file work_14.txt (compact mmCIF, C-alpha atoms and all ligand atoms)
# COMPACT_ATOMS: atom_id res chain seq x y z
CA MET A 1 -10.83 -50.53 -81.44
CA ALA A 2 -12.98 -47.47 -80.77
CA ARG A 3 -15.58 -46.63 -83.39
CA ILE A 4 -16.60 -43.09 -84.34
CA GLY A 5 -19.51 -42.00 -86.50
CA ILE A 6 -19.56 -38.83 -88.58
CA LEU A 7 -22.58 -37.21 -90.23
CA THR A 8 -23.25 -34.05 -92.24
CA GLY A 9 -26.69 -32.44 -91.81
CA GLY A 10 -28.65 -29.47 -93.19
CA GLY A 11 -27.83 -27.59 -96.39
CA ASP A 12 -24.64 -28.74 -98.09
CA CYS A 13 -21.72 -26.34 -98.45
CA PRO A 14 -18.15 -26.30 -99.70
CA GLY A 15 -15.73 -27.59 -97.06
CA LEU A 16 -17.70 -30.59 -95.79
CA ASN A 17 -15.45 -33.07 -97.57
CA PRO A 18 -12.24 -31.53 -96.14
CA VAL A 19 -13.74 -32.02 -92.65
CA ILE A 20 -14.64 -35.67 -93.36
CA ARG A 21 -11.17 -36.32 -94.79
CA ALA A 22 -9.45 -34.71 -91.77
CA VAL A 23 -11.55 -36.70 -89.27
CA VAL A 24 -10.76 -39.97 -91.06
CA ARG A 25 -7.04 -39.24 -91.44
CA LYS A 26 -6.56 -38.05 -87.84
CA GLY A 27 -8.81 -40.81 -86.49
CA MET A 28 -7.03 -43.58 -88.37
CA ASN A 29 -3.64 -42.25 -87.24
CA HIS A 30 -4.90 -42.86 -83.70
CA GLY A 31 -6.34 -46.31 -84.39
CA TYR A 32 -10.02 -45.36 -84.62
CA GLU A 33 -12.53 -46.95 -86.96
CA ILE A 34 -14.71 -44.35 -88.70
CA LEU A 35 -18.27 -44.90 -89.88
CA GLY A 36 -19.89 -42.40 -92.24
CA ILE A 37 -23.60 -41.93 -91.45
CA LYS A 38 -25.47 -41.14 -94.66
CA ASN A 39 -27.76 -38.14 -95.17
CA GLY A 40 -27.55 -36.52 -91.75
CA TRP A 41 -29.87 -37.68 -88.95
CA LYS A 42 -31.87 -39.66 -91.53
CA GLY A 43 -28.99 -42.15 -91.73
CA LEU A 44 -28.93 -42.63 -87.98
CA ILE A 45 -32.69 -43.17 -87.89
CA GLU A 46 -32.49 -45.68 -90.77
CA ASN A 47 -29.15 -47.24 -89.84
CA ASP A 48 -27.69 -46.27 -93.20
CA CYS A 49 -23.93 -45.96 -93.11
CA LEU A 50 -20.65 -46.88 -94.75
CA SER A 51 -17.16 -47.58 -93.53
CA LEU A 52 -14.69 -44.76 -94.18
CA ASN A 53 -11.06 -45.62 -94.84
CA LEU A 54 -8.14 -43.90 -96.55
CA ASP A 55 -9.43 -44.88 -100.00
CA ALA A 56 -12.90 -43.48 -99.30
CA VAL A 57 -11.53 -40.01 -98.55
CA SER A 58 -8.82 -39.95 -101.19
CA GLY A 59 -9.25 -37.06 -103.64
CA ILE A 60 -12.24 -35.44 -101.88
CA LEU A 61 -10.46 -32.34 -100.53
CA PRO A 62 -11.30 -30.06 -103.49
CA LYS A 63 -14.85 -31.38 -104.00
CA GLY A 64 -17.93 -29.38 -103.01
CA GLY A 65 -20.95 -31.00 -101.34
CA THR A 66 -20.55 -34.02 -99.06
CA ILE A 67 -19.66 -37.61 -99.93
CA LEU A 68 -22.00 -38.67 -97.10
CA GLY A 69 -25.07 -36.91 -98.48
CA THR A 70 -27.22 -34.67 -96.30
CA SER A 71 -30.84 -33.95 -95.43
CA ARG A 72 -32.91 -31.59 -93.31
CA THR A 73 -34.23 -34.47 -91.17
CA ASN A 74 -35.09 -33.67 -87.56
CA PRO A 75 -35.25 -36.86 -85.45
CA TYR A 76 -37.46 -35.03 -82.95
CA LYS A 77 -40.10 -34.58 -85.68
CA LYS A 78 -40.13 -38.25 -86.71
CA GLU A 79 -42.30 -40.90 -85.10
CA GLY A 80 -40.01 -42.70 -82.62
CA GLY A 81 -37.04 -40.76 -84.06
CA LEU A 82 -35.15 -40.30 -80.80
CA GLU A 83 -35.52 -43.97 -79.88
CA LYS A 84 -34.32 -45.05 -83.32
CA VAL A 85 -31.27 -42.78 -83.03
CA ARG A 86 -30.53 -44.21 -79.58
CA ALA A 87 -30.98 -47.82 -80.74
CA ASN A 88 -28.89 -47.44 -83.89
CA TYR A 89 -26.14 -45.56 -82.07
CA LYS A 90 -25.90 -48.65 -79.84
CA LYS A 91 -26.33 -51.19 -82.65
CA LEU A 92 -23.53 -49.56 -84.66
CA GLY A 93 -21.29 -49.76 -81.60
CA LEU A 94 -20.46 -46.06 -81.69
CA ASP A 95 -18.19 -44.70 -78.98
CA ALA A 96 -18.71 -41.14 -80.19
CA LEU A 97 -20.31 -39.12 -82.95
CA ILE A 98 -19.06 -36.07 -84.84
CA ALA A 99 -21.98 -34.01 -86.18
CA VAL A 100 -21.14 -31.46 -88.86
CA GLY A 101 -23.88 -28.90 -89.38
CA GLY A 102 -25.47 -25.54 -88.71
CA GLU A 103 -27.92 -24.32 -86.07
CA ASP A 104 -30.44 -27.10 -86.83
CA THR A 105 -28.06 -30.08 -86.79
CA LEU A 106 -26.23 -28.75 -83.74
CA GLY A 107 -29.54 -27.89 -82.07
CA VAL A 108 -30.41 -31.59 -82.33
CA VAL A 109 -27.01 -32.43 -80.79
CA ALA A 110 -27.78 -30.19 -77.78
CA LYS A 111 -31.09 -32.04 -77.29
CA LEU A 112 -29.56 -35.51 -77.75
CA ILE A 113 -26.99 -34.73 -75.07
CA LYS A 114 -29.84 -33.82 -72.67
CA ASP A 115 -31.61 -37.01 -73.71
CA GLY A 116 -28.69 -39.18 -72.66
CA ILE A 117 -26.54 -39.52 -75.79
CA PRO A 118 -23.61 -37.47 -74.52
CA ASN A 119 -20.58 -38.47 -76.60
CA ILE A 120 -21.04 -35.97 -79.41
CA VAL A 121 -18.77 -33.28 -80.83
CA GLY A 122 -20.02 -30.56 -83.21
CA VAL A 123 -18.40 -28.90 -86.23
CA PRO A 124 -19.93 -25.60 -87.45
CA LYS A 125 -20.80 -25.39 -91.14
CA THR A 126 -22.99 -23.03 -93.13
CA ILE A 127 -22.66 -20.53 -95.93
CA ASP A 128 -24.80 -18.21 -93.77
CA ASN A 129 -22.02 -17.71 -91.15
CA ASP A 130 -24.76 -17.26 -88.54
CA LEU A 131 -23.54 -19.58 -85.77
CA SER A 132 -22.53 -17.95 -82.51
CA CYS A 133 -19.23 -18.56 -80.69
CA THR A 134 -17.19 -18.90 -83.89
CA ASP A 135 -15.76 -16.06 -85.97
CA TYR A 136 -16.39 -18.06 -89.15
CA THR A 137 -18.17 -21.21 -90.22
CA PHE A 138 -16.61 -23.03 -93.17
CA GLY A 139 -18.55 -22.69 -96.43
CA PHE A 140 -19.07 -18.95 -95.96
CA ASP A 141 -15.83 -17.89 -97.63
CA THR A 142 -16.55 -19.89 -100.79
CA ALA A 143 -20.13 -18.57 -100.99
CA LEU A 144 -18.86 -15.04 -100.45
CA ASN A 145 -16.33 -15.40 -103.26
CA THR A 146 -18.97 -16.85 -105.59
CA ALA A 147 -21.40 -14.02 -104.82
CA THR A 148 -18.66 -11.41 -105.29
CA GLU A 149 -17.69 -12.88 -108.66
CA CYS A 150 -21.34 -12.78 -109.73
CA ILE A 151 -21.67 -9.13 -108.65
CA ASP A 152 -18.54 -8.31 -110.69
CA LYS A 153 -20.14 -9.94 -113.73
CA LEU A 154 -23.46 -8.15 -113.20
CA HIS A 155 -21.62 -4.81 -112.94
CA THR A 156 -20.58 -4.97 -116.59
CA THR A 157 -24.17 -5.38 -117.82
CA ALA A 158 -25.49 -2.76 -115.42
CA GLU A 159 -22.89 -0.31 -116.67
CA SER A 160 -23.25 -1.07 -120.38
CA HIS A 161 -27.07 -0.96 -120.35
CA HIS A 162 -27.40 1.87 -117.80
CA ARG A 163 -29.54 -0.30 -115.56
CA ILE A 164 -30.18 -0.92 -111.91
CA ILE A 165 -29.39 -4.53 -111.08
CA VAL A 166 -30.77 -6.01 -107.88
CA VAL A 167 -28.80 -9.08 -106.73
CA GLU A 168 -30.56 -11.36 -104.25
CA VAL A 169 -28.20 -13.46 -102.14
CA MET A 170 -28.81 -16.20 -99.55
CA GLY A 171 -28.03 -16.10 -95.84
CA ARG A 172 -31.42 -16.76 -94.27
CA HIS A 173 -32.02 -14.34 -91.36
CA ALA A 174 -28.45 -13.04 -91.21
CA GLY A 175 -26.94 -10.62 -93.71
CA TRP A 176 -23.34 -11.84 -93.75
CA ILE A 177 -23.21 -12.90 -97.40
CA ALA A 178 -25.00 -9.70 -98.47
CA ILE A 179 -22.87 -7.28 -96.48
CA GLU A 180 -19.50 -8.84 -97.31
CA SER A 181 -20.19 -9.59 -100.99
CA GLY A 182 -21.71 -6.11 -101.29
CA ILE A 183 -18.61 -4.48 -99.85
CA ALA A 184 -16.29 -6.69 -101.91
CA GLY A 185 -18.31 -6.19 -105.10
CA GLY A 186 -18.67 -2.41 -104.67
CA ALA A 187 -22.47 -2.42 -104.31
CA ASP A 188 -24.17 0.98 -104.12
CA VAL A 189 -26.83 -0.18 -101.66
CA ILE A 190 -26.77 -3.27 -99.41
CA LEU A 191 -29.94 -4.46 -97.70
CA ILE A 192 -29.72 -6.93 -94.84
CA PRO A 193 -32.26 -8.61 -92.53
CA GLU A 194 -30.82 -6.78 -89.53
CA ILE A 195 -31.95 -3.34 -90.86
CA PRO A 196 -35.53 -2.91 -92.18
CA VAL A 197 -35.60 -1.70 -95.78
CA ASP A 198 -36.62 1.93 -96.27
CA ILE A 199 -37.60 1.94 -99.96
CA GLU A 200 -37.69 5.74 -100.18
CA GLU A 201 -34.15 5.98 -98.88
CA VAL A 202 -32.97 3.27 -101.35
CA CYS A 203 -34.49 5.17 -104.29
CA GLU A 204 -33.01 8.47 -103.03
CA ILE A 205 -29.51 6.96 -103.01
CA ILE A 206 -29.96 5.66 -106.56
CA LYS A 207 -31.37 8.97 -107.83
CA LYS A 208 -28.50 10.87 -106.20
CA ARG A 209 -26.02 8.63 -108.02
CA HIS A 210 -27.74 9.34 -111.31
CA ASN A 211 -27.72 13.06 -110.56
CA ARG A 212 -23.96 12.95 -110.20
CA GLY A 213 -23.61 11.26 -113.56
CA LYS A 214 -23.73 7.54 -112.72
CA THR A 215 -26.14 5.74 -115.01
CA PHE A 216 -26.18 2.37 -113.25
CA SER A 217 -26.44 0.99 -109.72
CA ILE A 218 -25.95 -2.36 -108.03
CA VAL A 219 -28.24 -3.20 -105.13
CA VAL A 220 -27.40 -6.31 -103.09
CA VAL A 221 -30.31 -7.64 -101.06
CA ALA A 222 -30.31 -10.54 -98.61
CA GLU A 223 -33.15 -13.03 -99.10
CA GLY A 224 -34.16 -12.40 -95.47
CA ALA A 225 -34.36 -8.59 -95.75
CA GLN A 226 -37.79 -7.07 -95.17
CA PHE A 227 -39.51 -3.74 -95.74
CA LYS A 228 -40.05 -1.50 -92.72
CA GLU A 229 -43.75 -2.14 -92.78
CA GLY A 230 -43.64 -5.70 -94.10
CA THR A 231 -42.40 -9.18 -93.33
CA PHE A 232 -39.92 -11.43 -95.13
CA VAL A 233 -40.75 -12.80 -98.57
CA THR A 234 -41.12 -16.57 -98.86
CA GLN A 235 -41.31 -19.01 -101.75
CA GLU A 236 -43.93 -21.10 -99.96
CA GLN A 237 -45.66 -21.03 -96.58
CA LYS A 238 -44.74 -24.62 -95.62
CA LEU A 239 -42.31 -24.97 -92.74
CA ASP A 240 -39.51 -27.54 -92.82
CA GLU A 241 -38.86 -29.95 -89.93
CA PHE A 242 -36.89 -27.25 -88.12
CA GLY A 243 -39.63 -24.64 -88.50
CA HIS A 244 -37.97 -22.67 -91.32
CA VAL A 245 -39.82 -21.10 -94.22
CA ARG A 246 -38.18 -21.12 -97.68
CA LEU A 247 -37.07 -17.55 -98.21
CA GLY A 248 -36.77 -16.01 -101.67
CA GLY A 249 -38.44 -13.40 -103.85
CA MET A 250 -37.44 -10.23 -102.01
CA GLY A 251 -35.18 -9.22 -104.93
CA GLU A 252 -38.05 -9.33 -107.43
CA ILE A 253 -40.38 -7.25 -105.25
CA LEU A 254 -37.63 -4.74 -104.51
CA GLY A 255 -36.64 -4.51 -108.19
CA GLN A 256 -40.22 -3.79 -109.26
CA GLU A 257 -40.56 -1.11 -106.60
CA ILE A 258 -37.25 0.56 -107.52
CA GLY A 259 -38.16 0.53 -111.22
CA LYS A 260 -41.57 2.01 -110.52
CA ARG A 261 -40.35 4.72 -108.16
CA THR A 262 -37.20 5.82 -110.05
CA GLY A 263 -38.25 5.18 -113.65
CA TYR A 264 -34.85 3.56 -114.31
CA GLU A 265 -34.66 0.26 -116.13
CA THR A 266 -34.22 -2.43 -113.48
CA ARG A 267 -33.30 -6.13 -113.61
CA VAL A 268 -33.14 -8.74 -110.88
CA SER A 269 -30.70 -11.61 -110.51
CA VAL A 270 -31.21 -14.32 -107.86
CA LEU A 271 -27.99 -16.19 -107.15
CA GLY A 272 -29.67 -19.06 -105.25
CA HIS A 273 -27.96 -22.39 -104.73
CA ILE A 274 -25.02 -21.44 -106.97
CA GLN A 275 -23.66 -19.90 -103.76
CA ARG A 276 -23.61 -23.32 -102.08
CA GLY A 277 -21.90 -25.17 -104.88
CA GLY A 278 -18.49 -25.64 -106.35
CA THR A 279 -15.05 -26.36 -105.10
CA PRO A 280 -14.19 -24.97 -101.64
CA SER A 281 -11.92 -21.92 -101.47
CA ALA A 282 -8.42 -22.42 -100.02
CA PHE A 283 -9.67 -20.72 -96.82
CA ASP A 284 -12.54 -23.22 -96.46
CA ARG A 285 -10.29 -26.20 -97.23
CA VAL A 286 -7.87 -25.10 -94.51
CA LEU A 287 -10.63 -24.21 -92.01
CA GLY A 288 -12.46 -27.49 -92.69
CA THR A 289 -9.21 -29.42 -92.24
CA ARG A 290 -8.37 -27.62 -88.98
CA PHE A 291 -11.92 -28.15 -87.67
CA GLY A 292 -11.86 -31.86 -88.59
CA VAL A 293 -8.52 -32.49 -86.86
CA LYS A 294 -9.64 -30.54 -83.77
CA ALA A 295 -12.97 -32.44 -83.63
CA MET A 296 -11.08 -35.73 -83.63
CA GLU A 297 -8.76 -34.40 -80.89
CA LEU A 298 -11.82 -33.62 -78.77
CA VAL A 299 -13.02 -37.20 -79.28
CA ILE A 300 -9.59 -38.60 -78.36
CA ASN A 301 -9.56 -36.46 -75.19
CA LYS A 302 -13.21 -37.34 -74.45
CA LYS A 303 -14.22 -33.66 -74.45
CA PHE A 304 -17.81 -34.17 -75.50
CA GLY A 305 -20.66 -31.69 -75.81
CA ARG A 306 -18.23 -29.25 -77.41
CA MET A 307 -18.18 -27.55 -80.80
CA VAL A 308 -14.93 -26.62 -82.56
CA ALA A 309 -14.74 -22.91 -83.36
CA LEU A 310 -12.50 -20.23 -84.79
CA ALA A 311 -11.48 -17.39 -82.47
CA GLY A 312 -9.18 -14.98 -84.26
CA ASN A 313 -6.77 -17.39 -85.88
CA LYS A 314 -7.00 -20.07 -83.23
CA VAL A 315 -9.20 -23.17 -83.36
CA ILE A 316 -10.79 -23.59 -79.95
CA ASP A 317 -13.77 -25.47 -78.53
CA VAL A 318 -16.96 -24.03 -77.05
CA GLY A 319 -20.14 -25.41 -75.48
CA ILE A 320 -22.61 -26.57 -78.15
CA GLU A 321 -25.50 -25.09 -76.15
CA ASP A 322 -23.87 -21.64 -76.27
CA ALA A 323 -23.29 -21.91 -80.01
CA VAL A 324 -26.96 -22.58 -80.78
CA ALA A 325 -28.46 -20.25 -78.17
CA ALA A 326 -28.75 -17.24 -80.53
CA LEU A 327 -28.09 -16.43 -84.20
CA LYS A 328 -24.94 -14.46 -84.97
CA THR A 329 -26.13 -11.48 -86.98
CA VAL A 330 -24.17 -8.79 -88.81
CA ASP A 331 -21.89 -6.64 -86.74
CA MET A 332 -23.14 -3.04 -86.95
CA GLU A 333 -19.56 -1.75 -87.23
CA LEU A 334 -19.32 -3.59 -90.52
CA TYR A 335 -22.66 -2.16 -91.64
CA GLU A 336 -21.39 1.38 -90.89
CA ILE A 337 -18.38 0.68 -93.12
CA ALA A 338 -20.66 -0.53 -95.92
CA LYS A 339 -22.83 2.60 -95.56
CA VAL A 340 -19.89 4.89 -96.40
CA PHE A 341 -20.31 3.69 -100.00
CA PHE A 342 -24.10 4.04 -100.24
CA SER A 343 -24.02 7.09 -102.49
O1 LIG B 401 -28.68 -22.33 -94.72
C1 LIG B 401 -28.16 -22.37 -95.99
C2 LIG B 401 -29.18 -21.93 -97.00
O2 LIG B 401 -28.60 -21.95 -98.28
C3 LIG B 401 -29.82 -20.56 -96.73
O3 LIG B 401 -28.99 -19.49 -97.08
C4 LIG B 401 -31.09 -20.67 -97.53
O4 LIG B 401 -32.10 -19.84 -97.02
C5 LIG B 401 -31.46 -22.12 -97.36
O5 LIG B 401 -30.29 -22.81 -97.01
C6 LIG B 401 -32.05 -22.77 -98.58
O6 LIG B 401 -32.44 -24.04 -98.26
P1 LIG B 401 -32.80 -25.19 -99.31
O7 LIG B 401 -31.51 -25.75 -99.83
O8 LIG B 401 -33.56 -26.18 -98.51
O9 LIG B 401 -33.56 -24.56 -100.42
call {"tool": "encode", "arguments": {"input": "work_14.txt", "output": "structure tokens"}}
result
Amino acid sequence: MARIGILTGGGDCPGLNPVIRAVVRKGMNHGYEILGIKNGWKGLIENDCLSLNLDAVSGILPKGGTILGTSRTNPYKKEGGLEKVRANYKKLGLDALIAVGGEDTLGVVAKLIKDGIPNIVGVPKTIDNDLSCTDYTFGFDTALNTATECIDKLHTTAESHHRIIVVEVMGRHAGWIAIESGIAGGADVILIPEIPVDIEEVCEIIKKRHNRGKTFSIVVVAEGAQFKEGTFVTQEQKLDEFGHVRLGGMGEILGQEIGKRTGYETRVSVLGHIQRGGTPSAFDRVLGTRFGVKAMELVINKKFGRMVALAGNKVIDVGIEDAVAALKTVDMELYEIAKVFFS
């Protein structure tokens, strides 16, 4: 009987469990044995895994997070990491591996394939929606809905207290969560990493609103946004194993600046990891399920080195190398639509 491993790496997000469930159900229908590798690449380095059967995946569809656990471990940054991955892949008797993750996890897949571990299929996850070659990653829709709901809630306080509320959302160096939650939540200004922040222009928009009788404003800012003359704001300087800084704090700096320049009472709300939590939306459950089934089909057909992807409403497969070659940033057509409401 062929044996398949599945791992989830990088930041967790809603929809991971639907993928795991779909892989197990489709795989078992075709006589495969499925091993769950715990905590991303860490589990493959440490040979930490569990057997996945129908019982193990029963009831997980609506649950956020991942039953396998995750980590931001990069085997290429660990002493002897690649060799341990190679040895454990063999020891576990894996015929193929399904890696569910974002640019970091799938970037490792692209390297492993070059390093002679070819039987891998990728599944794109991330709330940031920043992976190329797929219209959507699962996890994004749930995060977007959470952020939108929070903006709706913040609107009532902004309006009642006649305040400016700055809402900082996640998304790393892509502004997808900011732009879409800002449009959906009726934000008055949306600031994304793709367009440097012009603080004078932001304050002008807010003042103009006040001049036409509006006594509150909602400003949505992506954590990765930066001032024209500045750089992005980080929580600490340390880089993780994939070379990322921990972003965060732009909202606070922006809020102080807006308050100072406009004289309006300003508050800041940082949504943080709330955006990554909770039960997956129906869209993410369906997308995760479709991606999981398709990933298993690729394994069955021995189409390795591929990532499942959404193109329009079709689930297709693309080269993993192409998917990780460049970040997918916000479409400027969408930004132009958002700008219509900056007034
Ligand atoms: O990539 C998902 C994400 O939530 C980003 O939006 C954010 O910048 C980062 O992960 C936060 O990482 P951590 O969970 O390590 O704080």
call {"tool": "residues_near_ligand", "arguments": {"input": "work_14.txt", "ligand": "ligand LIG 401 (chain B)", "cutoff": "8 Å", "atoms": "all atoms listed in the file", "output": "ChimeraX atom specification"}}
result
/A:10-13,72,102,126-128,169-173,223-224,246-248,272-273,275-276
call {"tool": "residues_around", "arguments": {"input": "work_14.txt", "residues": "Tyr32 in chain A", "least_positions_apart": "2", "cutoff": "6 Å", "atoms": "only C-alpha atoms", "output": "list in words"}}
result
Ala2, Arg3, Gly27, Met28 and His30 of chain A
call {"tool": "residues_around", "arguments": {"input": "work_14.txt", "residues": "Ser132 in chain A", "least_positions_apart": "6", "cutoff": "7 Å", "atoms": "only C-alpha atoms", "output": "list in words"}}
result
Ala323, Val324, Ala326, Leu327 and Lys328 of chain A
call {"tool": "atom_distance", "arguments": {"input": "work_14.txt", "atom1": "CA of Lys238 in chain A", "atom2": "CA of Lys77 in chain A"}}
result
14.8 Å
call {"tool": "residues_around", "arguments": {"input": "work_14.txt", "residues": "Ile120 in chain A", "least_positions_apart": "5", "cutoff": "12 Å", "atoms": "all atoms listed in the file", "output": "ChimeraX atom specification"}}
result
/A:4-7,89,94-100,105-106,108-114,295-296,298-300,302-308,319-320
call {"tool": "closest_residue", "arguments": {"input": "work_14.txt", "among": "A:Ile192, A:Ile206, A:Ile151, A:Val340", "to": "Leu271 in chain A", "atoms": "all atoms listed in the file"}}
result
A:Ile151
call {"tool": "atom_distance", "arguments": {"input": "work_14.txt", "atom1": "CA of Ile190 in chain A", "atom2": "CA of Asp331 in chain A"}}
result
14.0 Å
call {"tool": "closest_atom_pairs", "arguments": {"input": "work_14.txt", "of": "range 79-154 of chain A", "to": "range 162-166 of chain A", "cutoff": "12 Å", "atoms": "all atoms listed in the file", "output": "CSV"}}
result
residue,atom,partner,partner_atom,distance
A:Cys150,CA,A:Ile165,CA,11.6
A:Ile151,CA,A:Ile165,CA,9.3
A:Asp152,CA,A:Ile165,CA,11.5
A:Lys153,CA,A:Ile165,CA,11.0
A:Leu154,CA,A:Ile165,CA,7.3
call {"tool": "closest_residue", "arguments": {"input": "work_14.txt", "among": "A:Asp188, A:Glu103, A:Asp284, A:Glu201", "to": "Pro14 in chain A", "atoms": "only C-alpha atoms"}}
result
A:Asp284
call {"tool": "atom_distance", "arguments": {"input": "work_14.txt", "atom1": "CA of Tyr335 in chain A", "atom2": "CA of Phe138 in chain A"}}
result
21.8 Å
call {"tool": "closest_residue", "arguments": {"input": "work_14.txt", "among": "A:Val167, A:Trp176, A:Gly263, A:Val245", "to": "His210 in chain A", "atoms": "only C-alpha atoms"}}
result
A:Gly263
call {"tool": "closest_residue", "arguments": {"input": "work_14.txt", "among": "A:Val85, A:Ile274, A:Ala222, A:Ala158", "to": "Asp48 in chain A", "atoms": "all atoms listed in the file"}}
result
A:Val85
call {"tool": "residues_around", "arguments": {"input": "work_14.txt", "residues": "Leu52 in chain A", "least_positions_apart": "5", "cutoff": "8 Å", "atoms": "all atoms listed in the file", "output": "number ranges by chain"}}
result
A: 24, 33-36, 57
